[in-house]
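J.: Got target-v6.cif for you, mmCIF, C-alpha atoms and all ligand atoms:
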```cif
data_input
loop_
_atom_site.label_atom_id
_atom_site.label_comp_id
_atom_site.auth_asym_id
_atom_site.auth_seq_id
_atom_site.Cartn_x
_atom_site.Cartn_y
_atom_site.Cartn_z
CA MET O 1 0.00 0.00 0.00
CA ALA O 2 1.56 3.30 -1.06
CA ALA O 3 1.57 6.32 1.20
CA ALA O 4 -0.33 9.22 -0.39
CA GLY O 5 0.78 11.84 2.10
CA ALA O 6 3.61 12.53 4.48
CA ALA O 7 3.71 13.42 8.17
CA SER O 8 2.30 16.93 8.56
CA ALA O 9 2.48 19.92 10.86
CA LEU O 10 0.60 20.26 14.13
CA SER O 11 -3.07 21.20 13.96
CA PRO O 12 -4.37 24.05 16.18
CA PHE O 13 -5.90 21.36 18.41
CA GLU O 14 -2.51 19.65 18.80
CA GLU O 15 -0.88 22.96 19.62
CA LYS O 16 -3.51 23.56 22.30
CA LEU O 17 -2.97 20.08 23.72
CA GLN O 18 0.77 20.67 23.86
CA GLY O 19 0.26 23.41 26.36
CA GLN O 20 -1.74 21.19 28.70
CA ALA O 21 -0.65 18.75 31.34
CA PRO O 22 -1.72 15.11 30.90
CA PRO O 23 -5.15 14.75 32.54
CA ALA O 24 -4.79 11.52 34.46
CA SER O 25 -2.40 11.20 37.34
CA GLY O 26 -0.03 8.32 36.76
CA ALA O 27 -0.79 8.25 33.02
CA ALA O 28 2.20 7.01 31.05
CA PRO O 29 3.06 9.00 27.95
CA ALA O 30 2.95 7.04 24.71
CA VAL O 31 6.21 5.55 23.56
CA ASP O 32 6.97 3.47 20.48
CA GLY O 33 4.30 0.91 19.75
CA TYR O 34 1.16 3.02 19.79
CA VAL O 35 -0.81 3.21 16.57
CA LEU O 36 -4.06 4.77 15.40
CA VAL O 37 -6.15 3.79 12.38
CA THR O 38 -8.88 6.12 11.16
CA SER O 39 -11.20 6.64 8.22
CA ALA O 40 -9.98 8.98 5.46
CA ASN O 41 -11.79 12.03 6.88
CA GLY O 42 -9.73 11.71 10.06
CA VAL O 43 -6.39 13.33 9.28
CA GLU O 44 -6.85 16.16 11.79
CA ALA O 45 -8.57 13.81 14.22
CA THR O 46 -5.64 11.40 14.06
CA LYS O 47 -3.10 14.19 14.57
CA ALA O 48 -4.98 15.37 17.64
CA ALA O 49 -5.49 11.90 19.10
CA ARG O 50 -1.85 11.02 18.47
CA GLN O 51 -0.75 14.17 20.26
CA ALA O 52 -3.09 13.36 23.15
CA LEU O 53 -1.58 9.86 23.41
CA ILE O 54 1.91 11.33 23.40
CA GLN O 55 0.83 13.54 26.27
CA GLY O 56 -0.34 10.54 28.28
CA TYR O 57 -4.08 10.68 27.74
CA ASP O 58 -6.05 7.49 28.17
CA PRO O 59 -6.36 5.92 24.66
CA LEU O 60 -10.16 6.12 24.57
CA ASP O 61 -10.11 9.77 25.69
CA ALA O 62 -7.49 10.45 23.00
CA ALA O 63 -9.63 8.79 20.31
CA ILE O 64 -12.74 10.70 21.41
CA ALA O 65 -10.79 14.00 21.48
CA GLY O 66 -9.76 13.19 17.91
CA VAL O 67 -13.22 12.51 16.49
CA ASN O 68 -14.62 15.52 18.40
CA ILE O 69 -12.83 17.64 15.78
CA ASN O 70 -15.09 16.23 13.06
CA GLU O 71 -18.16 16.29 15.29
CA LEU O 72 -17.69 19.98 16.07
CA ASP O 73 -16.77 21.03 12.53
CA PRO O 74 -19.83 22.70 10.93
CA ASN O 75 -18.37 22.00 7.49
CA ASP O 76 -18.18 18.24 8.02
CA MET O 77 -21.61 17.23 6.79
CA SER O 78 -21.30 13.57 7.78
CA VAL O 79 -20.69 13.75 11.53
CA GLY O 80 -22.01 15.70 14.51
CA TYR O 81 -22.84 19.42 14.24
CA GLY O 82 -23.57 20.34 10.62
CA GLY O 83 -24.36 16.74 9.66
CA VAL O 84 -26.93 16.26 6.89
CA PRO O 85 -30.35 15.85 8.56
CA ASN O 86 -33.01 13.17 8.24
CA GLU O 87 -35.98 13.47 5.89
CA ASP O 88 -37.74 15.78 8.37
CA GLY O 89 -34.77 18.18 8.49
CA ILE O 90 -33.66 17.00 11.95
CA VAL O 91 -30.08 15.94 12.65
CA GLN O 92 -30.01 12.57 14.44
CA LEU O 93 -26.61 11.28 15.48
CA ASP O 94 -25.26 7.78 16.21
CA ALA O 95 -22.06 6.90 18.08
CA CYS O 96 -20.44 4.03 19.90
CA VAL O 97 -17.29 3.58 21.98
CA MET O 98 -15.70 0.35 23.11
CA ASP O 99 -12.92 -0.30 25.60
CA GLY O 100 -11.03 -3.51 24.84
CA ARG O 101 -9.54 -3.62 28.35
CA THR O 102 -12.91 -4.28 29.93
CA LEU O 103 -15.17 -5.15 26.98
CA ARG O 104 -17.37 -2.32 28.16
CA ALA O 105 -19.13 -0.25 25.55
CA GLY O 106 -21.50 2.69 25.35
CA ALA O 107 -23.69 3.85 22.49
CA VAL O 108 -26.29 6.42 21.49
CA GLY O 109 -28.65 6.22 18.54
CA ALA O 110 -30.79 8.90 16.88
CA LEU O 111 -29.53 11.44 19.42
CA GLU O 112 -30.78 14.97 18.74
CA GLY O 113 -29.50 18.32 19.98
CA CYS O 114 -25.99 17.29 21.04
CA LYS O 115 -22.90 18.05 18.97
CA THR O 116 -20.62 15.36 20.40
CA PRO O 117 -22.43 11.99 20.58
CA SER O 118 -19.13 10.16 21.10
CA LYS O 119 -18.77 11.87 24.50
CA VAL O 120 -22.32 10.89 25.43
CA ALA O 121 -21.61 7.29 24.34
CA LYS O 122 -18.66 7.20 26.71
CA LEU O 123 -20.85 8.53 29.53
CA VAL O 124 -23.37 5.77 28.81
CA MET O 125 -20.51 3.31 29.24
CA GLU O 126 -19.17 4.89 32.42
CA ARG O 127 -22.19 6.36 34.14
CA THR O 128 -24.96 3.84 33.51
CA ASP O 129 -25.46 0.14 33.97
CA ARG O 130 -26.58 0.00 30.31
CA VAL O 131 -24.93 -0.02 26.89
CA PHE O 132 -27.28 1.67 24.42
CA LEU O 133 -29.59 4.70 24.75
CA VAL O 134 -31.65 6.04 21.86
CA GLY O 135 -33.78 9.01 20.87
CA ALA O 136 -35.42 11.14 23.55
CA GLY O 137 -33.92 9.00 26.33
CA ALA O 138 -30.41 9.55 25.01
CA GLN O 139 -31.05 13.28 24.76
CA LYS O 140 -32.43 13.43 28.30
CA PHE O 141 -29.32 11.61 29.53
CA ALA O 142 -27.04 14.03 27.62
CA ASN O 143 -28.90 17.02 29.08
CA ALA O 144 -28.60 15.51 32.58
CA HIS O 145 -24.83 15.46 32.08
CA GLY O 146 -24.79 19.13 31.14
CA PHE O 147 -24.89 18.98 27.33
CA PRO O 148 -27.16 21.87 26.31
CA ALA O 149 -29.89 21.21 23.73
CA GLU O 150 -28.51 22.81 20.57
CA ASP O 151 -29.68 23.21 16.98
CA LEU O 152 -27.37 21.01 14.90
CA LEU O 153 -28.64 22.22 11.54
CA THR O 154 -26.42 24.85 9.92
CA SER O 155 -27.60 27.33 7.29
CA LYS O 156 -25.71 25.19 4.76
CA THR O 157 -27.36 21.88 5.67
CA ARG O 158 -30.78 23.55 5.92
CA LYS O 159 -30.37 24.83 2.33
CA ILE O 160 -29.26 21.39 1.15
CA TRP O 161 -32.13 19.65 2.92
CA LEU O 162 -34.67 22.09 1.47
CA TYR O 163 -33.25 21.57 -2.01
CA TRP O 164 -33.61 17.78 -1.58
CA LYS O 165 -37.10 18.07 -0.07
CA GLU O 166 -38.45 20.40 -2.74
CA ARG O 167 -37.25 18.18 -5.57
CA LEU O 168 -38.66 14.93 -4.16
CA SER O 169 -41.97 15.14 -5.97
CA GLY O 170 -43.71 17.32 -8.52
CA THR O 171 -47.08 16.60 -6.94
CA ASP O 172 -46.55 17.64 -3.31
CA ASP O 173 -46.78 21.12 -1.81
CA TRP O 174 -43.06 21.93 -1.71
CA ILE O 175 -41.86 24.16 -4.55
CA GLU O 176 -38.28 24.89 -5.53
CA ALA O 177 -37.05 28.47 -5.37
CA GLY O 178 -35.49 29.57 -8.65
CA ARG O 179 -31.71 29.26 -9.17
CA GLU O 180 -31.09 27.07 -6.10
CA ALA O 181 -28.82 24.82 -8.15
CA GLU O 182 -26.51 27.81 -8.65
CA ASP O 183 -25.94 28.21 -4.92
CA PRO O 184 -22.24 27.33 -4.27
CA ASP O 185 -23.07 25.07 -1.27
CA ILE O 186 -25.68 23.13 -3.23
CA LYS O 187 -23.38 22.94 -6.26
CA GLU O 188 -20.62 21.51 -4.07
CA PHE O 189 -23.02 19.00 -2.53
CA ILE O 190 -24.16 17.80 -5.96
CA ARG O 191 -20.55 17.57 -7.19
CA LYS O 192 -19.55 15.47 -4.18
CA TYR O 193 -22.66 13.40 -3.67
CA GLY O 194 -24.62 13.58 -6.91
CA ASN O 195 -23.59 10.01 -7.74
CA GLU O 196 -26.72 7.85 -7.75
CA TYR O 197 -24.65 4.69 -7.34
CA PHE O 198 -23.75 5.13 -3.69
CA ARG O 199 -26.36 6.88 -1.53
CA PRO O 200 -24.31 9.42 0.42
CA GLN O 201 -23.39 8.96 4.03
CA GLY O 202 -20.30 9.62 6.04
CA THR O 203 -18.83 8.50 9.32
CA ILE O 204 -15.57 8.66 11.22
CA HIS O 205 -14.07 5.64 12.91
CA MET O 206 -10.86 5.55 14.95
CA SER O 207 -9.25 2.50 16.56
CA VAL O 208 -6.22 2.88 18.83
CA ARG O 209 -3.64 0.47 20.12
CA SER O 210 -1.78 2.15 22.95
CA ALA O 211 1.90 1.60 23.68
CA LYS O 212 0.80 -0.73 26.47
CA GLY O 213 -1.21 -2.79 23.98
CA ASP O 214 -4.66 -1.60 25.05
CA LEU O 215 -7.22 -1.57 22.24
CA VAL O 216 -10.12 0.90 21.99
CA GLY O 217 -12.43 2.21 19.29
CA VAL O 218 -14.95 4.95 18.56
CA THR O 219 -17.32 5.48 15.64
CA THR O 220 -19.56 8.52 15.18
CA THR O 221 -21.86 9.67 12.38
CA SER O 222 -24.91 11.65 11.31
CA GLY O 223 -25.76 8.60 9.21
CA LEU O 224 -27.38 8.18 5.86
CA TYR O 225 -28.28 11.52 4.31
CA PHE O 226 -32.02 12.30 4.47
CA LYS O 227 -32.65 9.05 6.33
CA MET O 228 -36.01 7.96 7.74
CA PRO O 229 -36.54 9.52 11.18
CA GLY O 230 -35.37 7.05 13.80
CA ARG O 231 -33.15 5.11 11.40
CA VAL O 232 -30.01 3.92 13.20
CA GLY O 233 -27.16 2.47 11.15
CA ASP O 234 -24.17 0.38 12.12
CA SER O 235 -22.13 3.16 13.78
CA ALA O 236 -24.04 3.01 17.06
CA VAL O 237 -24.15 -0.76 17.25
CA VAL O 238 -21.50 -2.62 19.22
CA GLY O 239 -20.09 -5.40 17.07
CA ALA O 240 -21.16 -3.75 13.82
CA GLY O 241 -19.75 -0.19 13.86
CA VAL O 242 -16.99 -0.91 16.36
CA TYR O 243 -15.55 -3.83 18.28
CA SER O 244 -12.39 -3.78 20.45
CA GLU O 245 -10.89 -6.54 22.54
CA ASN O 246 -7.50 -6.49 24.24
CA GLY O 247 -5.19 -9.26 23.09
CA VAL O 248 -7.00 -9.58 19.74
CA GLY O 249 -7.78 -6.35 17.89
CA SER O 250 -10.04 -3.41 17.25
CA CYS O 251 -12.11 -2.61 14.18
CA GLY O 252 -14.66 -0.09 12.98
CA SER O 253 -16.62 0.67 9.86
CA THR O 254 -17.94 3.29 7.49
CA GLY O 255 -20.31 2.88 4.56
CA ARG O 256 -23.71 1.27 4.10
CA GLY O 257 -24.75 0.54 7.66
CA GLU O 258 -27.53 -1.91 6.87
CA ALA O 259 -25.15 -4.31 5.08
CA ASN O 260 -22.75 -4.19 7.99
CA LEU O 261 -25.43 -4.46 10.67
CA VAL O 262 -26.67 -7.84 9.51
CA THR O 263 -23.17 -9.30 9.48
CA CYS O 264 -21.90 -7.70 12.74
CA GLY O 265 -18.91 -6.72 10.61
CA SER O 266 -16.45 -5.23 13.10
CA HIS O 267 -16.86 -8.20 15.40
CA THR O 268 -16.37 -10.51 12.42
CA VAL O 269 -13.10 -8.77 11.52
CA VAL O 270 -11.83 -9.14 15.09
CA GLU O 271 -12.83 -12.81 15.10
CA PHE O 272 -10.83 -13.37 11.91
CA MET O 273 -7.84 -11.71 13.58
CA ARG O 274 -8.34 -14.00 16.59
CA GLN O 275 -8.04 -16.91 14.15
CA GLY O 276 -4.65 -15.61 13.04
CA ARG O 277 -5.57 -13.54 9.99
CA SER O 278 -3.72 -10.28 9.38
CA PRO O 279 -5.85 -7.11 9.72
CA GLU O 280 -6.00 -6.77 5.93
CA GLU O 281 -7.05 -10.38 5.38
CA ALA O 282 -9.61 -10.09 8.18
CA CYS O 283 -11.15 -6.92 6.69
CA LEU O 284 -11.32 -8.45 3.20
CA LEU O 285 -12.90 -11.68 4.45
CA ALA O 286 -15.59 -9.77 6.34
CA LEU O 287 -16.26 -7.61 3.25
CA LYS O 288 -16.52 -10.73 1.07
CA ARG O 289 -19.19 -12.03 3.43
CA ILE O 290 -21.10 -8.75 3.12
CA ALA O 291 -20.68 -8.62 -0.66
CA GLU O 292 -21.80 -12.21 -1.18
CA LYS O 293 -24.51 -12.61 1.41
CA THR O 294 -26.26 -9.28 2.02
CA HIS O 295 -28.69 -7.25 -0.08
CA ASN O 296 -29.13 -9.97 -2.69
CA VAL O 297 -31.83 -8.03 -4.52
CA PRO O 298 -31.54 -6.51 -8.02
CA ARG O 299 -31.65 -2.88 -6.83
CA HIS O 300 -28.46 -3.43 -4.82
CA ARG O 301 -26.54 -5.37 -7.49
CA ASP O 302 -24.75 -4.20 -10.63
CA GLU O 303 -24.83 -5.98 -13.98
CA LYS O 304 -22.16 -8.41 -12.72
CA GLY O 305 -24.01 -9.13 -9.48
CA ARG O 306 -21.62 -7.02 -7.36
CA PRO O 307 -22.90 -4.75 -4.57
CA LYS O 308 -24.02 -1.26 -5.60
CA PHE O 309 -22.89 0.03 -2.22
CA ASN O 310 -19.69 0.33 -0.30
CA VAL O 311 -18.50 -0.63 3.18
CA SER O 312 -15.02 -0.01 4.64
CA PHE O 313 -13.33 -1.56 7.66
CA TYR O 314 -10.39 -0.12 9.63
CA ALA O 315 -8.51 -2.54 11.86
CA VAL O 316 -5.55 -2.86 14.19
CA ASP O 317 -4.45 -6.10 15.79
CA ALA O 318 -2.82 -6.77 19.15
CA LYS O 319 0.64 -6.55 17.56
CA GLY O 320 -0.16 -3.07 16.26
CA ARG O 321 -0.50 -4.04 12.61
CA THR O 322 -3.05 -1.83 10.82
CA ALA O 323 -5.09 -2.11 7.63
CA ALA O 324 -8.23 -0.89 5.97
CA ALA O 325 -10.25 -2.41 3.16
CA ALA O 326 -13.38 -1.50 1.20
CA ILE O 327 -15.71 -3.36 -1.13
CA TRP O 328 -14.77 -0.94 -3.93
CA SER O 329 -11.37 0.47 -4.88
CA GLY O 330 -10.48 4.10 -4.31
CA ALA O 331 -10.99 4.26 -0.56
CA LYS O 332 -8.32 5.65 1.73
CA TYR O 333 -7.54 5.55 5.43
CA VAL O 334 -5.28 7.29 7.91
CA VAL O 335 -2.59 5.84 10.15
CA GLY O 336 -0.84 7.61 13.00
CA ASP O 337 2.17 6.26 14.86
CA ASN O 338 5.56 7.29 16.12
CA GLU O 339 6.53 8.41 12.62
CA GLY O 340 3.60 10.78 12.15
CA VAL O 341 0.26 10.76 10.38
CA ARG O 342 -0.21 9.56 6.81
CA THR O 343 -2.98 8.68 4.37
CA LEU O 344 -2.86 5.28 2.68
CA GLU O 345 -4.84 3.40 0.03
CA SER O 346 -7.30 0.82 1.35
CA ALA O 347 -7.29 -2.74 0.03
CA TYR O 348 -10.45 -3.69 -1.88
CA LEU O 349 -12.54 -6.50 -3.32
CA TYR O 350 -13.57 -4.96 -6.65
CA LYS O 351 -11.88 -2.39 -8.87
CA LYS O 352 -14.18 0.46 -9.86
CA GLY O 353 -14.77 0.71 -13.61
CA THR O 354 -14.25 -3.02 -14.28
N1 LIG H 401 -22.17 3.68 8.41
C1 LIG H 401 -22.96 4.75 8.75
C2 LIG H 401 -24.40 4.54 8.60
O1 LIG H 401 -24.82 3.68 7.84
O2 LIG H 401 -25.16 5.25 9.21
#
```
Rewrite the coordinates I just gave you, this time as structure tokens.
Ligand code: GLY
T.:
Amino acid sequence: MAAAGAASALSPFEEKLQGQAPPASGAAPAVDGYVLVTSANGVEATKAARQALIQGYDPLDAAIAGVNINELDPNDMSVGYGGVPNEDGIVQLDACVMDGRTLRAGAVGALEGCKTPSKVAKLVMERTDRVFLVGAGAQKFANAHGFPAEDLLTSKTRKIWLYWKERLSGTDDWIEAGREAEDPDIKEFIRKYGNEYFRPQGTIHMSVRSAKGDLVGVTTTSGLYFKMPGRVGDSAVVGAGVYSENGVGSCGSTGRGEANLVTCGSHTVVEFMRQGRSPEEACLLALKRIAEKTHNVPRHRDEKGRPKFNVSFYAVDAKGRTAAAAIWSGAKYVVGDNEGVRTLESAYLYKKGT
């Protein structure tokens, strides 16, 4: 796998972290042997999490601090604040964290009004006797822990949602304003996501192996664009969107959640690693299962019977070996370690255009 980018300069978040003392007393700063593997949208997140590890942060806190960058970024339309809303124009967020030291996990699904669902997921893990809270209950829990109820829709995502809504049908009551398609935000959205082949969605996953060998993971998303209200994908589901177990490995996913949900993909990848497969082999085997066994209906298959959707896995094993793989070629992922942060090409099952 060729490196597509080199180690880069510190982000503002890293610079801020550098000025802070490590938070936990007795925390050991990272030394050689720590590694982070993240989806392609996680360059800044990986830089920040890597810096947090170097400063001695707990690996799960470091991973969450990393993905918080995407969650809080109003221009990242796939995660947290500024995520593309559901079909009613409401942003509903999913997230899950897992700690491989204890096999404890926490998750929230269809959470409204909170910019950082990954933090709430960790509180579910630490401050309840439960694993998964959804909807109004998750929001009530977040509010109880001091997260204010906030509007997660930005002016950009509201415009994009209205554009989508108004064009759904020529026989309903919603009418397009003239010249919307010339709006730069809408133009950019169409350029990026106008492909009918893959219904747009985005997610960030990060798995970390600390220098001590502890394995943790976090996945967070706003889910499928314009989804049905209440739809929860794989990102919030332990075993599908993330699975971490000390001594074996950690894995997470992005892509079509429904295909991954029914195969418990991240758990499957970790099980393949337990059987001795390398992270890359494990990811590819789990993707093969998805590609062959799920969504076997014409609308999800191309003319050669291959999936008309994509799923990616990101994995690290107990030895610190990392890999990512996707059903379709062209995907990338991010690795951070003692040498820096770099973007790499994911392995794949099928080459696009063949
Ligand atoms: N993988 C993200 C989702 O399907 O919601």
J.: Select from chain O every residue with an atom at most 6 Å from any atom of ligand LIG 401 (chain H), then for each give the shortest pair of atoms and their distance in Å to one decimal, using all atoms listed in the file, rows by chain and rising number, as a Markdown table.
T.:
```
| residue | atom | partner | partner_atom | distance |
| --- | --- | --- | --- | --- |
| O:Thr203 | CA | H:LIG401 | C1 | 5.6 |
| O:Gly223 | CA | H:LIG401 | O2 | 3.4 |
| O:Leu224 | CA | H:LIG401 | O2 | 5.0 |
| O:Gly233 | CA | H:LIG401 | O2 | 3.9 |
| O:Asp234 | CA | H:LIG401 | N1 | 5.4 |
| O:Ser235 | CA | H:LIG401 | C1 | 5.3 |
| O:Thr254 | CA | H:LIG401 | N1 | 4.3 |
| O:Gly255 | CA | H:LIG401 | N1 | 4.3 |
| O:Arg256 | CA | H:LIG401 | O1 | 4.6 |
| O:Gly257 | CA | H:LIG401 | O1 | 3.1 |
```
J.: With all atoms listed in the file as the atoms that count, which of O:Gly113, O:Pro229, O:Pro184, O:Pro307 lies nearest to Lys288 (chain O)?
T.: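 For Lys288 (chain O), the nearest of the given residues is O:Pro307.
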J.: What does the structure give for the distance between CA of Ala315 (chain O) and CA of Val269 (chain O), in Å to one decimal?
T.: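 Between these atoms lies a distance of 7.7 Å.
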J.: Interatomic distance between CA of Arg301 (chain O) and CA of Lys352 (chain O)?
T.: 13.9 Å
J.: What's the 12 Å shell around region 130-132 of chain O, counting only C-alpha atoms, without same-chain residues fewer than 4 positions away, as a PyMOL selection string?
T.: chain O and resi 94-98+103-111+120-126+137-138+141+232+235-238
J.: Give me, please, the distance in Å between CA of Asn70 (chain O) and CA of Ala211 (chain O), quoted to one decimal.
T.: 24.8 Å
J.: Measuring atom to atom with all atoms listed in the file, identify which of O:Leu284, O:Leu60, O:Ile290, O:Ala259 is nearest to Ala325 (chain O).
T.: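 With all atoms listed in the file as the atom set, the closest residue is O:Leu284.
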J.: When you count all atoms listed in the file, which of these residues is closest to Val67 (chain O): O:Val316, O:Pro85, O:Arg167, O:Thr220?
T.: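 Going through O:Val316, O:Pro85, O:Arg167, O:Thr220 one by one, the smallest distance to Val67 (chain O) is for O:Thr220.
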J.: Go through O:Asn68, O:Asn41, O:Thr322, O:Ser244 and flag the residue nearest Val335 (chain O), using all atoms listed in the file for the distances.
T.: O:Thr322
J.: Would you pick out the contacts of Thr116 (chain O) at 7 Å or less, using all atoms listed in the file, so that residues sharing its chain but fewer than 6 positions from it are not included, and give the list as a VMD selection string?
T.: chain O and resid 68 71 to 72 80
J.: Tell me which protein, DNA and RNA residues are within 10 Å of Pro148 (chain O), counting all atoms listed in the file, leaving out same-chain ones fewer than 4 positions away, and put them as a ChimeraX atom specification.
T.: /O:113-115,139,142-144
J.: Using all atoms listed in the file, which of the listed residues (O:Ala286, O:Val270, O:Val84, O:Ile175) sits closest to Tyr193 (chain O)?
T.: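 Distance minimum relative to Tyr193 (chain O) lands on O:Val84.
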J.: Write out as number ranges by chain the residues lying within 8 Å of Ser266 (chain O), counting all atoms listed in the file and excluding same-chain residues fewer than 2 positions away.
T.: O: 239-243, 250-253, 264, 268-270, 313
J.: Output C-alpha atoms for every residue in that selection, as a tab-separated table (two decimals), in the frame of the given file.
T.:
```tsv
chain	number	residue	atom	x	y	z
O	239	GLY	CA	-20.09	-5.40	17.07
O	240	ALA	CA	-21.16	-3.75	13.82
O	241	GLY	CA	-19.75	-0.19	13.86
O	242	VAL	CA	-16.99	-0.91	16.36
O	243	TYR	CA	-15.55	-3.83	18.28
O	250	SER	CA	-10.04	-3.41	17.25
O	251	CYS	CA	-12.11	-2.61	14.18
O	252	GLY	CA	-14.66	-0.09	12.98
O	253	SER	CA	-16.62	0.67	9.86
O	264	CYS	CA	-21.90	-7.70	12.74
O	268	THR	CA	-16.37	-10.51	12.42
O	269	VAL	CA	-13.10	-8.77	11.52
O	270	VAL	CA	-11.83	-9.14	15.09
O	313	PHE	CA	-13.33	-1.56	7.66
```
J.: Applying 12 Å and all atoms listed in the file, which residues near Ala177 (chain O) remain after dropping the ones on its own chain fewer than 6 positions away? List them as a list in words.
T.: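 With the cut-off at 12 Å, the set is Lys159, Leu162, Tyr163, Trp164, Lys165, Glu166, Arg167 and Asp183 of chain O.
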J.: May I ask which of the residues O:Ile190, O:Val218, O:Leu285, O:Leu152 is the closest one to Ile204 (chain O), counting only C-alpha atoms?
T.: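 Among O:Ile190, O:Val218, O:Leu285, O:Leu152, it is O:Val218 that comes nearest to Ile204 (chain O).
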